[in-house]
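**Q** Can you keep this structure in mind? I'll have questions shortly.
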Amino acid sequence: MVKMSLDPVQVISGQVEELKVAPSSNGDSRGSWEEKEKFDQDLLGLSGKPKPVTGRRTRKVEGGVFFPKPENAVTIAVSSRVLFRTELEQKVYEQKGVEEYLRYQIEHENEPFTPGPAFPFVKALETVNARLRDLYPQSEELFDIVLVTYNHAHVGIRLINTINHHNLFIERFCMTGGSSPIGYLKAWHTNLYLSADADKVREALAEGIAAATMFMSEKLTEVSQTQLRVAFDGDAVLFSDESERIFKAHGLDKFFEHERENEDTLLDHGPLKGFLEALGKLQKKFYAKGHRLDCPIRTYLVTARSAASSGIRALKTLRAWGLEIDEALFLAGAPKGPMLEKIRPHIYFDDQMFHVEGAAEMGTIAAHVPYGIAQKHNTKKNTSGGK
């Protein structure tokens, strides 16, 4: 099993080249990362000598600055721990305490963080925004990215320097100084929250905010630079966990029987239905300008449901909701990892860690949605024809 973690996050050389991380950063190559690690270890009382602090690189924004109102935008709130790699800084906090951590961050504020698991996803959002601005110069229907962090405001300077270094368009910050960010997420009209903190993700879901815990394996596949690709599981992600509960309680045969008897009854919505709706709304803006075939957003349903036995209800539900999925894969219990390896999504959402781990084994950036009955069961083993 490939290890999945946020500490450390491995970034493959092909991905780094694609994201154009400059040689002066703290981790675009193995050698430069090892130099920074030695510097950090010196602070922790380990070994190594300090490395000179690098200078800042100015971010350039084409076409001026444009800030959509939160109620008009598709707001993506991203934790600093998933947008960037902060595992060594976290070690300082755990071993030395908050005051030493703040001192360390201030002393290193001109040294940018390296990309984390959400970085390719955010870059893809910005690619879509560039296309939308070309087609609809005055429209506020765009992706709006909010950086959310528990950090003290002192750390904001390093985060801003990092954003400028990587040429990201992120102007909205939420630095809570250790407090929960969930109330702020609601004020931002957040459509999706991505975090490394599973407890805060559950708190967001309980408040009706689409949310997921991000993971990345040591193996990564390159992703598209021109098209945002988002893959969803079905039950307990786009749909409710109603059918999954039948399977858990009564087995596969009863599950199939239940789906046949209820194929004309719509499934209730799941926690990420609203995010798929938001993606679909932006897709239609491209379709209206004749860009259906080269739309820079593509969505996928990747489900362990069987097509003939239980797929029709899922498809009828999506159609009744007015949602279009570009591709639907019904795997009848087969592993999802190989299919996701072919899709190469910027992010894949699933409610079962079994599938998240399987995706990560194949190099897919996966996110766990801790929702539904599956959270009460051992998800390491899957024999379901549902889900």
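Just remember, in the structure tokens the first chain shown is A, the second B, etc., residues are 1-based per chain, and ligands are 1-based in the order shown.
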Quick one: residues within 6 Å of region 219-229 of chain A, only C-alpha atoms counted, chain neighbours fewer than 6 positions away excluded, as a list in words?

**A**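 So, after excluding close chain neighbours, the residues are Gln15, Ala124, Pro296, Ile297, Arg298, Thr299, Arg344, Pro345, His346 and Gly363 of chain A.
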
**Q** Give me the residues of region 205-270 of chain A that have any atom at most 12 Å from an atom of region 319-322 of chain A; for each, the nearest atom pair and the distance in Å, rounded to one decimal. Use only C-alpha atoms, sort by chain and number, and format it as a Markdown table.

**A**
| residue | atom | partner | partner_atom | distance |
| --- | --- | --- | --- | --- |
| A:Leu238 | CA | A:Trp321 | CA | 11.2 |
| A:Phe239 | CA | A:Trp321 | CA | 11.2 |
| A:Asp264 | CA | A:Ala320 | CA | 10.4 |
| A:Thr265 | CA | A:Ala320 | CA | 10.4 |
| A:Leu266 | CA | A:Ala320 | CA | 7.8 |
| A:Leu267 | CA | A:Ala320 | CA | 10.1 |
| A:Asp268 | CA | A:Trp321 | CA | 10.3 |
| A:His269 | CA | A:Trp321 | CA | 9.4 |

**Q** Check the smallest atom-to-atom distance from each of A:Met339, A:Ala328, A:Ala196, A:Ala211 to Gly311 (chain A) using only C-alpha atoms, then report the winner.

**A**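 Closest residue, counting only C-alpha atoms: A:Ala328.
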
**Q** Between CA of His189 (chain A) and CA of Ile170 (chain A), what is the distance, to one decimal in Å?

**A** 16.4 Å

**Q** Applying 12 Å and only C-alpha atoms, which residues near region 100-102 of chain A remain after dropping the ones on its own chain fewer than 3 positions away? List them as a VMD selection string.

**A** chain A and resid 40 43 to 44 86 88 to 97 105 to 109 151 to 158 177

**Q** Please return, as a VMD selection string, all residues of region 106-353 of chain A that DSSP assigns to strand (DSSP E or B) on the basis of the backbone.

**A** chain A and resid 115 143 to 149 172 to 175 190 to 195 211 to 217 228 to 232 235 239 269 297 to 303 327 to 330 347 to 350

**Q** Would you mind listing what lies within 12 Å of Leu282 (chain A) as a VMD selection string, with only C-alpha atoms counted and same-chain residues fewer than 4 positions away left out?

**A** chain A and resid 72 to 74 125 128 to 129 131 to 133 135 to 136 139 to 143 228 275 to 278 286 to 289 291 to 292 295 to 299 323 to 324

**Q** Output C-alpha atoms for every residue in that selection, as a PDB file, in the first residue's frame.

**A**
ATOM      1  CA  ASN A  72     -21.910  35.659  -7.082  1.00  0.00           C
ATOM      2  CA  ALA A  73     -18.775  33.523  -7.193  1.00  0.00           C
ATOM      3  CA  VAL A  74     -18.025  29.828  -6.748  1.00  0.00           C
ATOM      4  CA  LEU A 125      -9.375  26.895 -11.177  1.00  0.00           C
ATOM      5  CA  VAL A 128     -10.866  28.306 -15.956  1.00  0.00           C
ATOM      6  CA  ASN A 129     -11.161  31.865 -14.621  1.00  0.00           C
ATOM      7  CA  ARG A 131     -11.131  31.604 -20.003  1.00  0.00           C
ATOM      8  CA  LEU A 132     -14.260  32.979 -18.317  1.00  0.00           C
ATOM      9  CA  ARG A 133     -12.807  36.488 -18.195  1.00  0.00           C
ATOM     10  CA  LEU A 135     -15.651  35.326 -22.709  1.00  0.00           C
ATOM     11  CA  TYR A 136     -17.458  37.365 -20.036  1.00  0.00           C
ATOM     12  CA  SER A 139     -19.174  38.671 -15.109  1.00  0.00           C
ATOM     13  CA  GLU A 140     -18.624  37.854 -11.436  1.00  0.00           C
ATOM     14  CA  GLU A 141     -19.450  34.186 -11.958  1.00  0.00           C
ATOM     15  CA  LEU A 142     -15.915  32.957 -11.390  1.00  0.00           C
ATOM     16  CA  PHE A 143     -14.008  30.734  -8.991  1.00  0.00           C
ATOM     17  CA  LEU A 228     -10.150  21.252 -14.780  1.00  0.00           C
ATOM     18  CA  PHE A 275     -20.491  21.822  -5.743  1.00  0.00           C
ATOM     19  CA  LEU A 276     -21.350  19.781  -8.846  1.00  0.00           C
ATOM     20  CA  GLU A 277     -24.222  22.224  -9.476  1.00  0.00           C
ATOM     21  CA  ALA A 278     -21.781  25.128  -9.259  1.00  0.00           C
ATOM     22  CA  PHE A 286     -18.929  27.982 -21.960  1.00  0.00           C
ATOM     23  CA  TYR A 287     -21.618  26.019 -23.791  1.00  0.00           C
ATOM     24  CA  ALA A 288     -23.514  29.268 -24.434  1.00  0.00           C
ATOM     25  CA  LYS A 289     -20.473  30.591 -26.307  1.00  0.00           C
ATOM     26  CA  HIS A 291     -17.391  25.803 -26.293  1.00  0.00           C
ATOM     27  CA  ARG A 292     -19.062  22.541 -25.288  1.00  0.00           C
ATOM     28  CA  CYS A 295     -14.948  23.285 -22.268  1.00  0.00           C
ATOM     29  CA  PRO A 296     -12.169  23.744 -19.669  1.00  0.00           C
ATOM     30  CA  ILE A 297     -14.273  21.963 -17.000  1.00  0.00           C
ATOM     31  CA  ARG A 298     -14.961  18.225 -17.172  1.00  0.00           C
ATOM     32  CA  THR A 299     -16.784  16.160 -14.558  1.00  0.00           C
ATOM     33  CA  LEU A 323     -27.043  18.153 -13.826  1.00  0.00           C
ATOM     34  CA  GLU A 324     -24.815  16.870 -16.591  1.00  0.00           C
TER      35      GLU A 324
END

**Q** For Ile163 (chain A), please output as a PyMOL selection string all residues within 12 Å (counting only C-alpha atoms; exclusion window: fewer than 3 positions along the same chain).

**A** chain A and resi 21+56-60+80+83-84+109-115+119+122-123+145-147+156-160+166-173

**Q** Considering only C-alpha atoms, can you say which of A:Ser310, A:Asn164, A:Phe215, A:Ile209 comes closest to Arg85 (chain A)?

**A**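 Looking at the shortest contact to Arg85 (chain A), the residue is A:Phe215.
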
**Q** Restricting the calculation to only C-alpha atoms: of A:Thr127, A:Ser306, A:Thr213, A:Ser180, which residue gets closest to Tyr150 (chain A)?

**A**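 Nearest candidate to Tyr150 (chain A) out of A:Thr127, A:Ser306, A:Thr213, A:Ser180: A:Ser180.
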
**Q** Check the DSSP output for the backbone and give back, as a VMD selection string, the residues of region 202-274 of chain A in helix (DSSP H, G or I).

**A** chain A and resid 202 to 206 242 to 250 252 to 261 273 to 274

**Q** Could you check how far CA of Asn161 (chain A) sits from CA of Pro120 (chain A), in Å to one decimal?

**A**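 Calculated distance between CA of Asn161 (chain A) and CA of Pro120 (chain A) is 18.5 Å.
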
**Q** Just the number, please: distance in Å from CA of Thr303 (chain A) to CA of Leu185 (chain A), one decimal.

**A**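 So the answer is 29.1 Å.
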
**Q** Counting only C-alpha atoms, figure out which residue out of A:Ser309, A:Leu293, A:Glu218, A:Leu315 gets nearest to Lys254 (chain A).

**A**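 Smallest separation from Lys254 (chain A) among the options: A:Ser309.
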